[in-house]
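*Asks:* Take a look at this one; I'll ask things after.
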Amino acid sequence: MVNDDPAAAPAADGDDRTDVLVVGSGIAGCAAALGAARDGAAVCLLTKASRPDEASTDWAQGGISTTRGDPESLKQDVLAASAGTADDAAVDVLVENADEAVLDVLVDTLDVDFDRDGEEFDYTREAAHSTERILHVDASTGTHILRPFLQYVDDHDRIEVRDDTAALDLLTHEGAVHGVLTDETPSGQPIYATATILATGGIGSLYGRSTNPDGATGDGIAMAALAGADIADMEYVQFHPTAYAGDDPFLLSEALRGEGAHLLNADGERFMPDVHPDAELAPRDVVARAVADERDRTGDVFLDVSTLAEPFADAFPNLASKCEERGIESERIPVAPCEHFLCGGIDVDDRGRASLANLYAVGECSRTGVHGANRLASTSLLEGLVWGLRAGETAAVAGPGEPTGPETVDPPELRNSDPELPARFAAEKFTRLRRTMDAFLGLERDLDDVARAGSVLRRLKGEVDAYTRTRTSRSLYELRNACVTALLIAQAARENPESVGCHHVVDDSVANEAPGQ
Ligand code: SIN
């Protein structure tokens with residue numbers, strides 16, 4: 001249902017029906033909302049976040065890649081970083097639309113204050129990029145993009161933003177998606193939509209250490225999988241090589257290595273030149289495994305920022321102040337790998353269409369094929385922007401007509417009788433889930449251990465399912481979503497014996513043999 005008259009400009013109409021429902025408020029969700037609203041649709045943007053810093057986008061540091069007029073060169077870098085596994089046609093979509101999307105939305109519409117060198121943009125470089133082509137604001141690019149973007153969608157006549165509202169399940173009828181059930185009071189409210197676009201972000205909360213905000217529980221992936229949508233490439237969980245090694249980890253952007261920072265082992269030796277010809281600028285999966293190996297071998301690993309071209313505090317003031325807050329006074333910052341990004345997700349086409357009618361997915365919860373087995377730095381914001389716009393535009397015109405009415409689905413009644421107990425229950429189960437993921441589905445995987453992890457996760461999900469039959473709360477649904485997503489990762493990892501990109505299979509059969517065998 002498209003409304004072509006901008007003057008009339010209705011947003012979601014208050015009856016909880018809308019043309020396009022977007023779930024998630026990072027760059028991909030905002031871009032989807034913008035794309036749909038620009039094409040005349042009434043949009044409801046639903047987010048469980050109390051904005052703005054609960055979206056991964058707000059935490060993004062390094063920047064957003066452009067092609068700088070050379071799409072072929074960016075394409076070759078994306079393909080190389082993915083070890084040749086990225087989908088050629090999907091990468092073409094990314095690189096052919098990159099510069100126009102960045103210019104149109106981020107520069108012309110939102111006026112993002114990207115760093116400049118005089119009149120020109122100050123492009124930077126990160127690992128596995130062959131040239132300087134990344135736009136950034138200090139190393140806090142995500143905040144500088146997301147805050148104006150949220151303001152823009154909030155002010156838009158056709159977009160209604162509902163924050164602090166979680167989508168719990170997709171509403172489906174005869175294989176098509178008609179909106180979502182939310183946790184709005186009193187007992188769970190449906191929102192019906194002609195098209196539903198999931199933009200729920202990543203899975204960081206499944207691991208003990210992550211660069212994502214706490215709410216990254218794989219919600220969209222789990223809801224889509226439970227509704228029967230195709231999911232792909234779930235074994236490719238990317239670990240960032242350089243997060244602060246202490247408690248409460250934070251990301252130390254790849255831009256630091258792009259600008260000359262080195263990795264040193266506990267003996268003060270630089271080790272990356274022996275690992276890869278591109279040394280610290282090797283693909284992220286290679287550097288992450290090397291950092292982990294060197295920590296095992298020598299103790300700590302440090303990111304040495306004394307070799308930056310400009311003083312650390314001048315070039316990266318936000319990171320310097322984070323270090324100061326943690327009492328890190330040295331220019332050698334202790335680092336360790338940390339869960340960062342899921343390359344797989346809800347399988348979608350070049351316009352974000354999933355395998356179920358009326359369902360779309362964009363951003364980290366989707367699998368476009370752009371990243372293959374390992375994502376190139378500073379392409380996640382770009383993918384979210386490009387696919388968000390395309391999905392929003394497509395959803396605005398492709399709907400079958402009037403949204404399906406409430407009579408087609410019978411939303412389950414939610415029971416909120418004991419909100420405290422589920423939170424405690426969820427916290428305990430999350431601890432077990434994270435221990436399992438850290439131990440068996442981290443940087444290196446032994447396939448027998450992965451199979452054992454699958455059994456643990458299945459039992460855990462059984463316990464959670466039993467509990468959700470009698471009580472509910474947002475945290476229980478997040479736990480259910482995390483269990484479903486973890487099982488999908490375990491299953492995909494088990495089914496893929498080949499080490500490639502982020503999925504590194506170790507064969508410890510030799511190590512496990514008894515001496516003399
Ligand atoms: C970083 O700043 O190192 C992260 C950039 C990215 O994940 O693409």
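Here, A, B, ... name the chains of the structure tokens in the order displayed, residue numbers run from 1 inside each chain, and ligands are numbered from 1 in the same displayed order.
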Could you list, as an MDAnalysis selection string, all residues that come within 9 Å of ligand 1? Count only C-alpha atoms and all ligand atoms.

*Replies:* chainID A and resid 60:65 126:127 139:141 240:242 251:257 340:341 375:381

*Asks:* Assign secondary structure with DSSP using the backbone only, and return the residues of region 222-325 of chain A in alpha helix (DSSP H) as an mmCIF file with N, CA, C and O atoms, in the first residue's frame.

*Replies:*
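New file states33.cif:
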```cif
data_model
loop_
_atom_site.group_PDB
_atom_site.id
_atom_site.type_symbol
_atom_site.label_atom_id
_atom_site.label_comp_id
_atom_site.auth_asym_id
_atom_site.auth_seq_id
_atom_site.Cartn_x
_atom_site.Cartn_y
_atom_site.Cartn_z
ATOM 1 N N ALA A 222 16.850 -15.619 14.697
ATOM 2 C CA ALA A 222 16.059 -16.662 15.359
ATOM 3 C C ALA A 222 14.592 -16.579 14.932
ATOM 4 O O ALA A 222 13.973 -17.605 14.615
ATOM 5 N N MET A 223 14.038 -15.382 14.918
ATOM 6 C CA MET A 223 12.619 -15.251 14.531
ATOM 7 C C MET A 223 12.414 -15.750 13.101
ATOM 8 O O MET A 223 11.435 -16.443 12.816
ATOM 9 N N ALA A 224 13.334 -15.388 12.209
ATOM 10 C CA ALA A 224 13.200 -15.806 10.810
ATOM 11 C C ALA A 224 13.357 -17.323 10.690
ATOM 12 O O ALA A 224 12.592 -17.987 9.977
ATOM 13 N N ALA A 225 14.343 -17.877 11.409
ATOM 14 C CA ALA A 225 14.559 -19.330 11.337
ATOM 15 C C ALA A 225 13.338 -20.066 11.871
ATOM 16 O O ALA A 225 12.888 -21.057 11.271
ATOM 17 N N LEU A 226 12.786 -19.599 12.984
ATOM 18 C CA LEU A 226 11.619 -20.276 13.562
ATOM 19 C C LEU A 226 10.405 -20.193 12.628
ATOM 20 O O LEU A 226 9.539 -21.068 12.652
ATOM 21 N N GLU A 254 40.887 -1.150 13.692
ATOM 22 C CA GLU A 254 41.891 -1.514 12.693
ATOM 23 C C GLU A 254 42.533 -0.287 12.065
ATOM 24 O O GLU A 254 43.620 -0.372 11.493
ATOM 25 N N ALA A 255 41.850 0.842 12.181
ATOM 26 C CA ALA A 255 42.428 2.071 11.640
ATOM 27 C C ALA A 255 43.772 2.362 12.314
ATOM 28 O O ALA A 255 44.670 2.963 11.714
ATOM 29 N N LEU A 256 43.943 1.906 13.559
ATOM 30 C CA LEU A 256 45.229 2.120 14.240
ATOM 31 C C LEU A 256 46.350 1.408 13.489
ATOM 32 O O LEU A 256 47.427 1.965 13.271
ATOM 33 N N ARG A 257 46.069 0.149 13.099
ATOM 34 C CA ARG A 257 47.094 -0.577 12.326
ATOM 35 C C ARG A 257 47.220 0.012 10.930
ATOM 36 O O ARG A 257 48.305 0.073 10.356
ATOM 37 N N GLY A 258 46.082 0.482 10.387
ATOM 38 C CA GLY A 258 46.126 1.142 9.071
ATOM 39 C C GLY A 258 47.018 2.372 9.095
ATOM 40 O O GLY A 258 47.630 2.745 8.094
ATOM 41 N N MET A 272 53.826 -10.254 13.281
ATOM 42 C CA MET A 272 52.978 -10.390 12.080
ATOM 43 C C MET A 272 53.776 -10.506 10.773
ATOM 44 O O MET A 272 53.349 -11.218 9.860
ATOM 45 N N PRO A 273 54.963 -9.830 10.631
ATOM 46 C CA PRO A 273 55.691 -9.998 9.359
ATOM 47 C C PRO A 273 56.043 -11.454 9.068
ATOM 48 O O PRO A 273 56.165 -11.838 7.906
ATOM 49 N N ASP A 274 56.186 -12.297 10.126
ATOM 50 C CA ASP A 274 56.489 -13.712 9.880
ATOM 51 C C ASP A 274 55.245 -14.523 9.533
ATOM 52 O O ASP A 274 55.340 -15.668 9.098
ATOM 53 N N VAL A 275 54.068 -13.930 9.765
ATOM 54 C CA VAL A 275 52.823 -14.686 9.573
ATOM 55 C C VAL A 275 52.242 -14.461 8.180
ATOM 56 O O VAL A 275 51.705 -15.369 7.554
ATOM 57 N N ARG A 284 41.515 -9.944 8.598
ATOM 58 C CA ARG A 284 41.207 -9.942 10.027
ATOM 59 C C ARG A 284 41.284 -11.334 10.659
ATOM 60 O O ARG A 284 41.752 -11.485 11.782
ATOM 61 N N ASP A 285 40.816 -12.363 9.944
ATOM 62 C CA ASP A 285 40.840 -13.717 10.531
ATOM 63 C C ASP A 285 42.273 -14.184 10.751
ATOM 64 O O ASP A 285 42.581 -14.822 11.755
ATOM 65 N N VAL A 286 43.157 -13.813 9.825
ATOM 66 C CA VAL A 286 44.564 -14.221 9.935
ATOM 67 C C VAL A 286 45.200 -13.537 11.152
ATOM 68 O O VAL A 286 45.879 -14.167 11.974
ATOM 69 N N VAL A 287 44.953 -12.235 11.293
ATOM 70 C CA VAL A 287 45.563 -11.490 12.411
ATOM 71 C C VAL A 287 44.987 -11.989 13.744
ATOM 72 O O VAL A 287 45.719 -12.173 14.718
ATOM 73 N N ALA A 288 43.683 -12.255 13.780
ATOM 74 C CA ALA A 288 43.058 -12.697 15.038
ATOM 75 C C ALA A 288 43.675 -14.017 15.499
ATOM 76 O O ALA A 288 44.004 -14.184 16.682
ATOM 77 N N ARG A 289 43.859 -14.955 14.579
ATOM 78 C CA ARG A 289 44.435 -16.246 14.986
ATOM 79 C C ARG A 289 45.901 -16.075 15.414
ATOM 80 O O ARG A 289 46.356 -16.698 16.369
ATOM 81 N N ALA A 290 46.620 -15.185 14.717
ATOM 82 C CA ALA A 290 48.027 -14.968 15.081
ATOM 83 C C ALA A 290 48.125 -14.343 16.474
ATOM 84 O O ALA A 290 48.997 -14.716 17.269
ATOM 85 N N VAL A 291 47.229 -13.412 16.788
ATOM 86 C CA VAL A 291 47.255 -12.792 18.122
ATOM 87 C C VAL A 291 46.962 -13.852 19.183
ATOM 88 O O VAL A 291 47.645 -13.944 20.208
ATOM 89 N N ALA A 292 45.966 -14.699 18.919
ATOM 90 C CA ALA A 292 45.630 -15.752 19.894
ATOM 91 C C ALA A 292 46.810 -16.717 20.062
ATOM 92 O O ALA A 292 47.175 -17.076 21.190
ATOM 93 N N ASP A 293 47.434 -17.111 18.954
ATOM 94 C CA ASP A 293 48.568 -18.042 19.039
ATOM 95 C C ASP A 293 49.708 -17.430 19.844
ATOM 96 O O ASP A 293 50.336 -18.085 20.673
ATOM 97 N N GLU A 294 49.978 -16.161 19.566
ATOM 98 C CA GLU A 294 51.105 -15.506 20.238
ATOM 99 C C GLU A 294 50.824 -15.307 21.724
ATOM 100 O O GLU A 294 51.723 -15.397 22.558
ATOM 101 N N ARG A 295 49.546 -15.084 22.071
ATOM 102 C CA ARG A 295 49.191 -15.006 23.501
ATOM 103 C C ARG A 295 49.432 -16.366 24.168
ATOM 104 O O ARG A 295 49.971 -16.437 25.261
ATOM 105 N N ASP A 296 49.048 -17.433 23.459
ATOM 106 C CA ASP A 296 49.281 -18.777 24.020
ATOM 107 C C ASP A 296 50.775 -19.047 24.198
ATOM 108 O O ASP A 296 51.210 -19.639 25.172
ATOM 109 N N ARG A 297 51.555 -18.592 23.224
ATOM 110 C CA ARG A 297 52.988 -18.914 23.203
ATOM 111 C C ARG A 297 53.796 -18.065 24.186
ATOM 112 O O ARG A 297 54.659 -18.576 24.888
ATOM 113 N N THR A 298 53.473 -16.744 24.213
ATOM 114 C CA THR A 298 54.381 -15.861 24.979
ATOM 115 C C THR A 298 53.710 -15.152 26.156
ATOM 116 O O THR A 298 54.403 -14.497 26.930
ATOM 117 N N PHE A 312 49.087 9.346 19.321
ATOM 118 C CA PHE A 312 47.844 8.589 19.540
ATOM 119 C C PHE A 312 46.699 9.513 19.972
ATOM 120 O O PHE A 312 45.602 9.480 19.401
ATOM 121 N N ALA A 313 46.951 10.338 20.969
ATOM 122 C CA ALA A 313 45.872 11.160 21.542
ATOM 123 C C ALA A 313 45.363 12.195 20.538
ATOM 124 O O ALA A 313 44.199 12.605 20.600
ATOM 125 N N ASP A 314 46.223 12.617 19.605
ATOM 126 C CA ASP A 314 45.776 13.596 18.595
ATOM 127 C C ASP A 314 44.993 12.887 17.485
ATOM 128 O O ASP A 314 43.967 13.384 17.017
ATOM 129 N N ALA A 315 45.480 11.710 17.068
ATOM 130 C CA ALA A 315 44.856 11.031 15.931
ATOM 131 C C ALA A 315 43.591 10.276 16.343
ATOM 132 O O ALA A 315 42.644 10.178 15.565
ATOM 133 N N PRO A 317 41.474 10.530 19.567
ATOM 134 C CA PRO A 317 41.191 11.030 20.924
ATOM 135 C C PRO A 317 40.197 10.167 21.698
ATOM 136 O O PRO A 317 40.360 9.985 22.903
ATOM 137 N N ASN A 318 39.205 9.597 21.007
ATOM 138 C CA ASN A 318 38.221 8.811 21.780
ATOM 139 C C ASN A 318 38.835 7.527 22.307
ATOM 140 O O ASN A 318 38.545 7.095 23.426
ATOM 141 N N LEU A 319 39.729 6.908 21.518
ATOM 142 C CA LEU A 319 40.378 5.682 21.995
ATOM 143 C C LEU A 319 41.383 6.007 23.093
ATOM 144 O O LEU A 319 41.503 5.265 24.077
ATOM 145 N N ALA A 320 42.085 7.131 22.927
ATOM 146 C CA ALA A 320 43.044 7.533 23.967
ATOM 147 C C ALA A 320 42.302 7.767 25.277
ATOM 148 O O ALA A 320 42.767 7.365 26.347
ATOM 149 N N SER A 321 41.112 8.361 25.217
ATOM 150 C CA SER A 321 40.424 8.616 26.494
ATOM 151 C C SER A 321 39.854 7.316 27.080
ATOM 152 O O SER A 321 39.812 7.164 28.294
ATOM 153 N N LYS A 322 39.461 6.354 26.228
ATOM 154 C CA LYS A 322 39.036 5.054 26.773
ATOM 155 C C LYS A 322 40.206 4.386 27.506
ATOM 156 O O LYS A 322 40.027 3.767 28.551
ATOM 157 N N CYS A 323 41.392 4.472 26.920
ATOM 158 C CA CYS A 323 42.567 3.882 27.575
ATOM 159 C C CYS A 323 42.821 4.574 28.911
ATOM 160 O O CYS A 323 43.096 3.923 29.918
ATOM 161 N N GLU A 324 42.692 5.890 28.896
ATOM 162 C CA GLU A 324 42.925 6.644 30.135
ATOM 163 C C GLU A 324 41.933 6.218 31.227
ATOM 164 O O GLU A 324 42.319 5.978 32.365
ATOM 165 N N GLU A 325 40.637 6.049 30.797
ATOM 166 C CA GLU A 325 39.618 5.612 31.773
ATOM 167 C C GLU A 325 39.988 4.274 32.401
ATOM 168 O O GLU A 325 39.673 4.009 33.553
#
```

*Asks:* Need the shell around Phe114 (chain A): protein/DNA/RNA residues with any atom at most 7 Å away, counting only C-alpha atoms. Skip same-chain ones fewer than 4 positions apart. Format as a ChimeraX atom specification?

*Replies:* /A:121,135-137

*Asks:* Got a sec to tell me which of region 221-453 of chain A DSSP assigns to strand (DSSP E), as number ranges by chain?

*Replies:* A: 231-232, 237-244, 262-265, 301-304, 332-342, 345-347, 359-361, 366-367

*Asks:* In Å, how far is it from CA of Gly142 (chain A) to CA of Trp59 (chain A)?

*Replies:*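 The value is 5.8 Å.
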
*Asks:* Using only C-alpha atoms, which residue out of A:Thr394, A:Ala232, A:Thr431, A:Gly260 lies closest to Thr307 (chain A)?

*Replies:* A:Gly260

*Asks:* Give me, as a list of chain:residue names, all polymer residues having an atom no more than 6 Å from region 26-32 of chain A, counting only C-alpha atoms and skipping those fewer than 5 positions away in the same chain.

*Replies:*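 Contacts, with the query itself left out: A:Ala55, A:Thr57, A:Ala199, A:Val362, A:Gly363, A:Gly384, A:Leu385, A:Gly388, A:Leu389, A:Gly392.
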
*Asks:* Excluding Tyr477 (chain A) and any residue of its chain fewer than 3 positions from it, enumerate the residues within 9 Å of it, using only C-alpha atoms, and give them as a list in words.

*Replies:* Leu168, Asp169, Asp219, Thr468, Thr472, Ser473, Arg474, Arg480, Asn481 and Ala482 of chain A

*Asks:* Quick check, in Å to one decimal: how far apart do CA of Glu444 (chain A) and CA of His504 (chain A) lie?

*Replies:*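 Separation between CA of Glu444 (chain A) and CA of His504 (chain A): 5.0 Å.
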